[in-house]
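See structure below.
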Amino acid sequence: MTTGTRRDAPGLAADRTVRGRRRAAGPFAGRWSAHWYAWAMVAPVLLVMGVLIGYPLLRGVYLSLTDATEANVGRTIGMNTIPATYRFVGLDNYVQIFSDSEFWLRLGWTFLWTVASVTLTVGLGLGLAMLLNRRLRFRGLYRVILILPWAAPAFVSTFIWRYVLNNDFGLANGMLRAAGLPTVEWLDDPTMAKVSVILVNVWLGIAFNMVALLGGLQSVPRELYEAARVDGASAWQQFRNITLPMLRPVSRTVILLGTIWSFNQFPVIFLLTRGGPNGATEILVTAAYRDAFMGLRDYSGSAANGMVILVLLVVMASLYLRSLRKQGEVW
Amino acid sequence: MRRTPLVGLVTGLALALAACGGGGSADKPVTSVDPATVSGTVTYWDTSDAAVEGPVFKELIKDFESKHPKVKVNYVNVPFGEAQNKFKTAAQGGSGTPDVLRADVGWVTEFASLGYLAPLDGTYALDKPEDLLPTPAGSTKFNGKTFAVPQTTDSLGLLYNKELLKKAGHEAPPKTIAELKQFALDVKDKTGKTGLTLNVDGFFVLPFLYGEGGDLVDAANKKITVNSPQSVAGLKVISDLISSGAAAKPAIADSYLAAMTAFKEGRTAMIYNGPWSTTDALKGSAFKNKENLGVAPVPAGSVKAASPTGGHDYTVYAGSKNLAASYAFVRFMSSTDSQSKVAARLGLLPTRTSAYARPEVQGNELVKTWKPIVDTGAPRAWIPEGGQLFEPLVQAYQGMATGKLDAAGVGRTVDGKYREILKGWN
Amino acid sequence: MARSHTGEARRGLGASIALHGTLVAASAFALIPLLWLVLTSLKPKDAWISSDVRFFDDPTLANYEYVLTETSFPRWLLNSVLVAGLTTVIGVLIAASTGYAISRFRFTGLRSILWLLLVTQMFPVAVLIVPLYNLLGRMGLLNQYPGLVLAYLTVAVPFCAWLLKGYFDTIPTEIDQAGQIDGLTPFGAFWRLVLPLAKPGLAVAAFYSFVTAWGEVAYATAFMTGDEHYTLAPGLQQFVSQSRAEWGWLTAAAVMITIPAGAVFLAVQRHLVSGLTAGATKS
């Protein structure tokens, strides 16, 4: 840590050094033994992921092209032997998904939910990080308090929120009543339920973003700001031209992860509203869960849903990374 | 676990055990097995309330073990909300499964149709089937075979706050839907409290449908009837109760709890609920005087008064390697003695006629109150898809509660969903 | 380092009020649900369902006493600690070697491995549960701690490897080269030289792994059976029966779960910031 090398900031996936090094060829590049070592070090992960995720994933691709359900896959249970009777149906499952008007409504809400969640968590996280990056009294205390929501297990927090937002005996309406204000149907009104699930997701996610971005901010060399001030740059200009670009490696990562996590955020919605009222807060993942677990398990339908989600995310991630590359970032 | 080389052996063993336990063979029913000779380990998944009911069942299991010294029972409390999924996941994969599962009456035909359950006709598990009450016993049948032995039965009734009804000028509970609405409006006028609080849940819709002669499906004729004029009339009853102000706008999140709490606190005069809720209701501030709690059969619609049958059954996993011991366990747990003990301690309603003759059962307040109500319980459509019918209904009911759908819209929407689930039905 | 980057040394009173006001409001938003959790746990068992919302209601420790003495909570807690601990140790080791390899070696497939790691996070867990259950069943790992740990590794390792790769990128390669000149193998250089330098990054990875395993519900519920093997999430579901949830016990248990996690948090939160920062401003 005491080397004089200037490290590139922000860390979640710092790259500038890497890029430089890659061009200059890595320290062990080109040597067979190095490759052997490299593969040996990566092997455990590839093995575990390949077996535990890769296999179900490939199986999922296959199942999504069949009409397999719990009832028609072959199995032997003690005295009962049931032969496999499911068939290959090509793209039928996908056709069915895309021709379902509910899917498109749900997709729209899933995007809205993801964009709102990511914008708010990253935006508010950045705001708080910038406040905490100043010299001020009680900074340590604020930081500790603001990180706390990350410390509570998500299932605990979500249950608490469900309780806080309850119509009759929740704290939120209790306080409104005490203040003589009309109460709000936090989880029962379709629109408010949407607001509430986003609110809770933001509450859960802010701490991680704040910590990551605070790390990024602290790594921005102070000289840059000093130089900018000498040049007479306003606070906004400094933010625009120094803070944001220097934060990019971190912000890029938190945005990417935030998008993936929100898009697939099952517990918050399921534990708060179970997708209700009347499906108003159902996102693609909770719907896939329904196919997979409610009633007769639809292996093929849920696999197809899973594939659609996977493809959407891969496309979104690629577009995002491509747009970053256009701005001169190498990922 | 390391199943491949053992598969043959295990299946052989299971067959041998099945044979000695009486298996599914068409031979004479097995009516007597010497408890001292039965051996094995029975993994039992209990879905009852771990804090209140669990201990009583555990005592019963101790009795069983002392009478069957070579059988060990591995008692596992699996939370009710998880049990159905957990069992299905385990059963399809054949590992981590229980031998005996306490299943909701609505699950049995589904599990049976998937081949997860052992048929019990003629086995040692099924003792005196003629003694079983016909309605709960209906839940155990699939394709002419018996796949479970009922543990307890229940149904819905009308719970009411006597004091509030009296203040509204009514001594007796409402007997018809018309009275229900009138009484509820009277309560609202005279006391300022809510007359009726509904619970947005599929099971709780059924009394209204039954009352007008409707139902979700007509299983005998393979007909979807949720959109029939009778069923829509039942749905209209609900929407009318809400729009007229007789019933409060129902809560959607934690709906059951909201209704129950309003009732316990004396904020509402009437709710629909089952025997399981009585003890909880009595803890409420409105029922410090126990006498204030009234329980009556559900009010009659224009056709009849009927409410759906619920309850729990003992089932045996078809892949169990301890069938003989499992059968002995189910027989013991569902015996008149065991049911009477449980009824006396917990007020769970027995499913055997003979149990109701026992003094300790007759002496139980809960049983006394609820027996006549459960007697009016209507059998549900015991079809494998039965478990899937509630979800679309709840969704649409939520739509009705938030004013997005009317009764006819609910009927239409749910009908559409049912056509996807019940392929080939009319 | 503690000095502000952008702010002036002195800020006006108005700005001060606005600054602290914002932070206090944010802190309140962060804290209130948790405080409410604590307050609820101190009420009598059934007091939580009441339309009369009060902060205090006959404070008592009865819920804690019940949960600690009458339920298997201590056992669940121990199981959770065990599973989360194993996930953390194994996860960080695996993730570190992967992250290092991707950071240091140029070999074909680098990009695809990074992508692969990311893609695994994009497939919904709900669809993975059944095939994963069958795989674990075939390996004899159901209802076993190693099975659950394995499942958690699939969640924790990709992110941690990614994170650590970023961290290793910031450690100059001259260090590895010096090690090689001294006769260390690439693995030796990694183990002896680079890993010790990456402590803050490892701390974040460890923390992330721990939190992931500590709060996971779906896998734990599906794969574990019985009090001896339940971790906290499935264990606590025993407080929720068919017709009611015992919130008094749930909240007491939740407080007891959150406190150790919170304490770990407070202990490492400084490292969290610097770990994610990759130590760029150290001087």
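As shown in the structure tokens, the chain order sets the letters A, B, ...; within each chain, residues go from 1, and ligands are also counted from 1 in the order they appear.
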Per residue of chain A within 10 Å of chain B, which atom pair is closest and at what distance in Å (one decimal), using only C-alpha atoms, listed by chain and increasing number, as JSON lines?
{"residue": "A:Glu70", "atom": "CA", "partner": "B:Leu114", "partner_atom": "CA", "distance": 7.5}
{"residue": "A:Ala71", "atom": "CA", "partner": "B:Leu114", "partner_atom": "CA", "distance": 5.7}
{"residue": "A:Asn72", "atom": "CA", "partner": "B:Leu114", "partner_atom": "CA", "distance": 8.6}
{"residue": "A:Val73", "atom": "CA", "partner": "B:Gln92", "partner_atom": "CA", "distance": 9.2}
{"residue": "A:Gly74", "atom": "CA", "partner": "B:Gln92", "partner_atom": "CA", "distance": 9.4}
{"residue": "A:Arg75", "atom": "CA", "partner": "B:Gln92", "partner_atom": "CA", "distance": 7.2}
{"residue": "A:Thr76", "atom": "CA", "partner": "B:Gly319", "partner_atom": "CA", "distance": 8.1}
{"residue": "A:Ile77", "atom": "CA", "partner": "B:Gly319", "partner_atom": "CA", "distance": 4.7}
{"residue": "A:Gly78", "atom": "CA", "partner": "B:Gly319", "partner_atom": "CA", "distance": 3.7}
{"residue": "A:Met79", "atom": "CA", "partner": "B:Ala318", "partner_atom": "CA", "distance": 6.4}
{"residue": "A:Asn80", "atom": "CA", "partner": "B:Gly115", "partner_atom": "CA", "distance": 5.8}
{"residue": "A:Thr81", "atom": "CA", "partner": "B:Gly115", "partner_atom": "CA", "distance": 7.6}
{"residue": "A:Ile82", "atom": "CA", "partner": "B:Gly115", "partner_atom": "CA", "distance": 7.3}
{"residue": "A:Arg162", "atom": "CA", "partner": "B:Ala253", "partner_atom": "CA", "distance": 8.5}
{"residue": "A:Tyr163", "atom": "CA", "partner": "B:Asp254", "partner_atom": "CA", "distance": 9.3}
{"residue": "A:Leu165", "atom": "CA", "partner": "B:Ala253", "partner_atom": "CA", "distance": 9.5}
{"residue": "A:Asn166", "atom": "CA", "partner": "B:Ala253", "partner_atom": "CA", "distance": 7.3}
{"residue": "A:Asn167", "atom": "CA", "partner": "B:Ala251", "partner_atom": "CA", "distance": 7.4}
{"residue": "A:Asp168", "atom": "CA", "partner": "B:Ala258", "partner_atom": "CA", "distance": 7.0}
{"residue": "A:Phe169", "atom": "CA", "partner": "B:Ala258", "partner_atom": "CA", "distance": 8.5}
{"residue": "A:Glu185", "atom": "CA", "partner": "B:Ala251", "partner_atom": "CA", "distance": 8.8}
{"residue": "A:Trp186", "atom": "CA", "partner": "B:Ala253", "partner_atom": "CA", "distance": 9.2}
{"residue": "A:Leu187", "atom": "CA", "partner": "B:Ala253", "partner_atom": "CA", "distance": 6.2}
{"residue": "A:Asp188", "atom": "CA", "partner": "B:Ile252", "partner_atom": "CA", "distance": 5.4}
{"residue": "A:Asp189", "atom": "CA", "partner": "B:Thr402", "partner_atom": "CA", "distance": 6.8}
{"residue": "A:Pro190", "atom": "CA", "partner": "B:Thr402", "partner_atom": "CA", "distance": 7.9}
{"residue": "A:Ala193", "atom": "CA", "partner": "B:Ala253", "partner_atom": "CA", "distance": 9.8}
{"residue": "A:Leu272", "atom": "CA", "partner": "B:Ala253", "partner_atom": "CA", "distance": 8.1}
{"residue": "A:Thr273", "atom": "CA", "partner": "B:Ala253", "partner_atom": "CA", "distance": 6.5}
{"residue": "A:Arg274", "atom": "CA", "partner": "B:Ala253", "partner_atom": "CA", "distance": 8.8}
{"residue": "A:Gly275", "atom": "CA", "partner": "B:Gln395", "partner_atom": "CA", "distance": 9.4}
{"residue": "A:Gly276", "atom": "CA", "partner": "B:Gln395", "partner_atom": "CA", "distance": 7.2}
{"residue": "A:Pro277", "atom": "CA", "partner": "B:Gln398", "partner_atom": "CA", "distance": 5.7}
{"residue": "A:Asn278", "atom": "CA", "partner": "B:Gln395", "partner_atom": "CA", "distance": 4.4}
{"residue": "A:Gly279", "atom": "CA", "partner": "B:Gln395", "partner_atom": "CA", "distance": 6.8}
{"residue": "A:Ala280", "atom": "CA", "partner": "B:Gly399", "partner_atom": "CA", "distance": 9.5}
{"residue": "A:Arg290", "atom": "CA", "partner": "B:Glu391", "partner_atom": "CA", "distance": 9.8}
{"residue": "A:Phe293", "atom": "CA", "partner": "B:Asn85", "partner_atom": "CA", "distance": 6.8}
{"residue": "A:Met294", "atom": "CA", "partner": "B:Gln388", "partner_atom": "CA", "distance": 7.1}
{"residue": "A:Gly295", "atom": "CA", "partner": "B:Gln388", "partner_atom": "CA", "distance": 4.6}
{"residue": "A:Leu296", "atom": "CA", "partner": "B:Gln388", "partner_atom": "CA", "distance": 7.3}
{"residue": "A:Arg297", "atom": "CA", "partner": "B:Lys88", "partner_atom": "CA", "distance": 9.0}
At a cut-off of 6 Å, using only C-alpha atoms, what residues contact region 100-103 of chain B? Leave out same-chain residues fewer than 5 positions from it and give the result as a list of chain:residue names. B:Tyr44, B:Trp45, B:Asp46, B:His312, B:Asp313, B:Tyr314, B:Thr315, B:Val316
When you look at Pro207 (chain B) with a cut-off of 7 Å (counting only C-alpha atoms), what residues show up, excluding the ones that are within fewer than 4 positions of it in the same chain? I need them as number ranges by chain. B: 211, 306-308
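Among A:Ala151, A:Ala233, A:Leu312, A:Val89, the residue with the shortest atom-to-atom distance to chain C, counting only C-alpha atoms, is A:Ala151.
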Backbone-only DSSP, helix (DSSP H, G or I) members of region 129-261 of chain C, as an MDAnalysis selection string: chainID C and resid 129:138 145:169 173:181 186:197 199:214 218:223 232:239 247:261
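The space separating CA of Asp201 (chain B) from CA of Thr225 (chain C) comes to 29.1 Å.
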Counting only C-alpha atoms, collect the residues of chain C whose closest atom lies at most 8 Å from chain B, and write them out as a PyMOL selection string. chain C and resi 49-50+130+133-134+137-143+221-222+225-227+237-244
Length of the CA of Ala205 (chain C) to CA of Leu164 (chain C) vector [Å]: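 Rounded to one decimal, the two atoms are 7.4 Å apart.
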Env of region 112-119 of chain A: 8 Å cut, atoms = only C-alpha atoms, seq-sep filter 3 positions within chain, self excluded. Answer as a PyMOL selection string. chain A and resi 108-109+122-123+198+201-202+255+258-259+262-263
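The space separating CA of Ile260 (chain A) from CA of Phe111 (chain A) comes to 11.3 Å.
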Could you pull out the strand (DSSP E) residues of region 76-141 of chain A from DSSP and send them as a CSV table (one decimal) with N, CA, C and O atoms, in the first residue's frame?
chain,number,residue,atom,x,y,z
A,76,THR,N,-40.5,-42.3,-10.4
A,76,THR,CA,-40.9,-43.5,-9.7
A,76,THR,C,-40.9,-43.2,-8.3
A,76,THR,O,-39.9,-42.8,-7.7
A,77,ILE,N,-42.1,-43.2,-7.7
A,77,ILE,CA,-42.3,-42.9,-6.3
A,77,ILE,C,-42.8,-44.2,-5.6
A,77,ILE,O,-44.0,-44.5,-5.7
A,80,ASN,N,-45.6,-46.3,-7.2
A,80,ASN,CA,-46.1,-45.6,-8.3
A,80,ASN,C,-45.0,-45.2,-9.3
A,80,ASN,O,-44.1,-44.5,-9.0
A,81,THR,N,-45.2,-45.8,-10.6
A,81,THR,CA,-44.3,-45.4,-11.6
A,81,THR,C,-45.0,-44.6,-12.7
A,81,THR,O,-46.0,-45.1,-13.2
A,82,ILE,N,-44.6,-43.4,-12.9
A,82,ILE,CA,-45.3,-42.5,-13.9
A,82,ILE,C,-44.3,-42.3,-15.0
A,82,ILE,O,-43.2,-41.7,-14.8
Non-local contacts of Thr191 (chain B) (12 Å; only C-alpha atoms; under 5 positions in same chain excluded) as a list of chain:residue names: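 Residues meeting the cut-off are B:Glu163, B:Leu164, B:Leu165, B:Lys166, B:Lys167, B:Ala168, B:Gly169, B:Phe183, B:Ala184, B:Leu185, B:Asp186, B:Gly266, B:Arg267, B:Thr268, B:Ala269.
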May I have the residues from that selection written out with N, CA and C atoms, as a short mmCIF file (atom, residue, chain, number, x, y, z; two decimals), in the first residue's frame?
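Writing done, so here's again_22.cif:
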data_model
loop_
_atom_site.label_atom_id
_atom_site.label_comp_id
_atom_site.auth_asym_id
_atom_site.auth_seq_id
_atom_site.Cartn_x
_atom_site.Cartn_y
_atom_site.Cartn_z
N GLU B 163 -72.95 -8.19 22.32
CA GLU B 163 -73.27 -6.88 22.87
C GLU B 163 -73.58 -5.88 21.76
N LEU B 164 -72.75 -5.88 20.72
CA LEU B 164 -72.97 -4.94 19.63
C LEU B 164 -74.28 -5.22 18.91
N LEU B 165 -74.57 -6.50 18.70
CA LEU B 165 -75.83 -6.83 18.03
C LEU B 165 -77.01 -6.41 18.89
N LYS B 166 -76.87 -6.61 20.20
CA LYS B 166 -77.95 -6.23 21.10
C LYS B 166 -78.19 -4.73 21.04
N LYS B 167 -77.11 -3.97 21.06
CA LYS B 167 -77.25 -2.52 20.98
C LYS B 167 -77.95 -2.10 19.69
N ALA B 168 -77.76 -2.91 18.66
CA ALA B 168 -78.41 -2.61 17.39
C ALA B 168 -79.83 -3.16 17.36
N GLY B 169 -80.24 -3.77 18.46
CA GLY B 169 -81.61 -4.24 18.55
C GLY B 169 -81.83 -5.68 18.13
N PHE B 183 -78.75 -6.27 9.79
CA PHE B 183 -78.15 -6.20 11.12
C PHE B 183 -76.87 -5.36 11.09
N ALA B 184 -76.10 -5.59 10.04
CA ALA B 184 -74.83 -4.87 9.94
C ALA B 184 -75.07 -3.37 9.81
N LEU B 185 -76.07 -3.02 9.00
CA LEU B 185 -76.38 -1.58 8.84
C LEU B 185 -76.92 -1.01 10.15
N ASP B 186 -77.69 -1.82 10.89
CA ASP B 186 -78.21 -1.37 12.18
C ASP B 186 -77.06 -1.10 13.15
N GLY B 266 -63.53 -5.19 19.12
CA GLY B 266 -64.89 -4.69 19.19
C GLY B 266 -65.18 -3.58 18.20
N ARG B 267 -64.35 -3.48 17.16
CA ARG B 267 -64.62 -2.45 16.15
C ARG B 267 -65.58 -2.94 15.08
N THR B 268 -65.75 -4.25 15.02
CA THR B 268 -66.72 -4.79 14.06
C THR B 268 -67.56 -5.82 14.79
N ALA B 269 -68.81 -5.97 14.36
CA ALA B 269 -69.73 -6.84 15.10
C ALA B 269 -69.68 -8.28 14.62
#
Can you list, as JSON, numbers by chain, every protein, DNA or RNA residue that comes within 8 Å of region 362-372 of chain B when you count only C-alpha atoms, leaving out same-chain residues fewer than 2 positions away? {"B": [275, 278, 295, 297, 343, 344, 347, 348, 349, 356, 357, 358, 359, 360, 374, 375, 376]}
Which residue, B:Ser231, B:Pro55, B:Thr197, B:Asp104, has the smallest gap to Val414 (chain B) when you use only C-alpha atoms?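 Closest candidate: B:Ser231.
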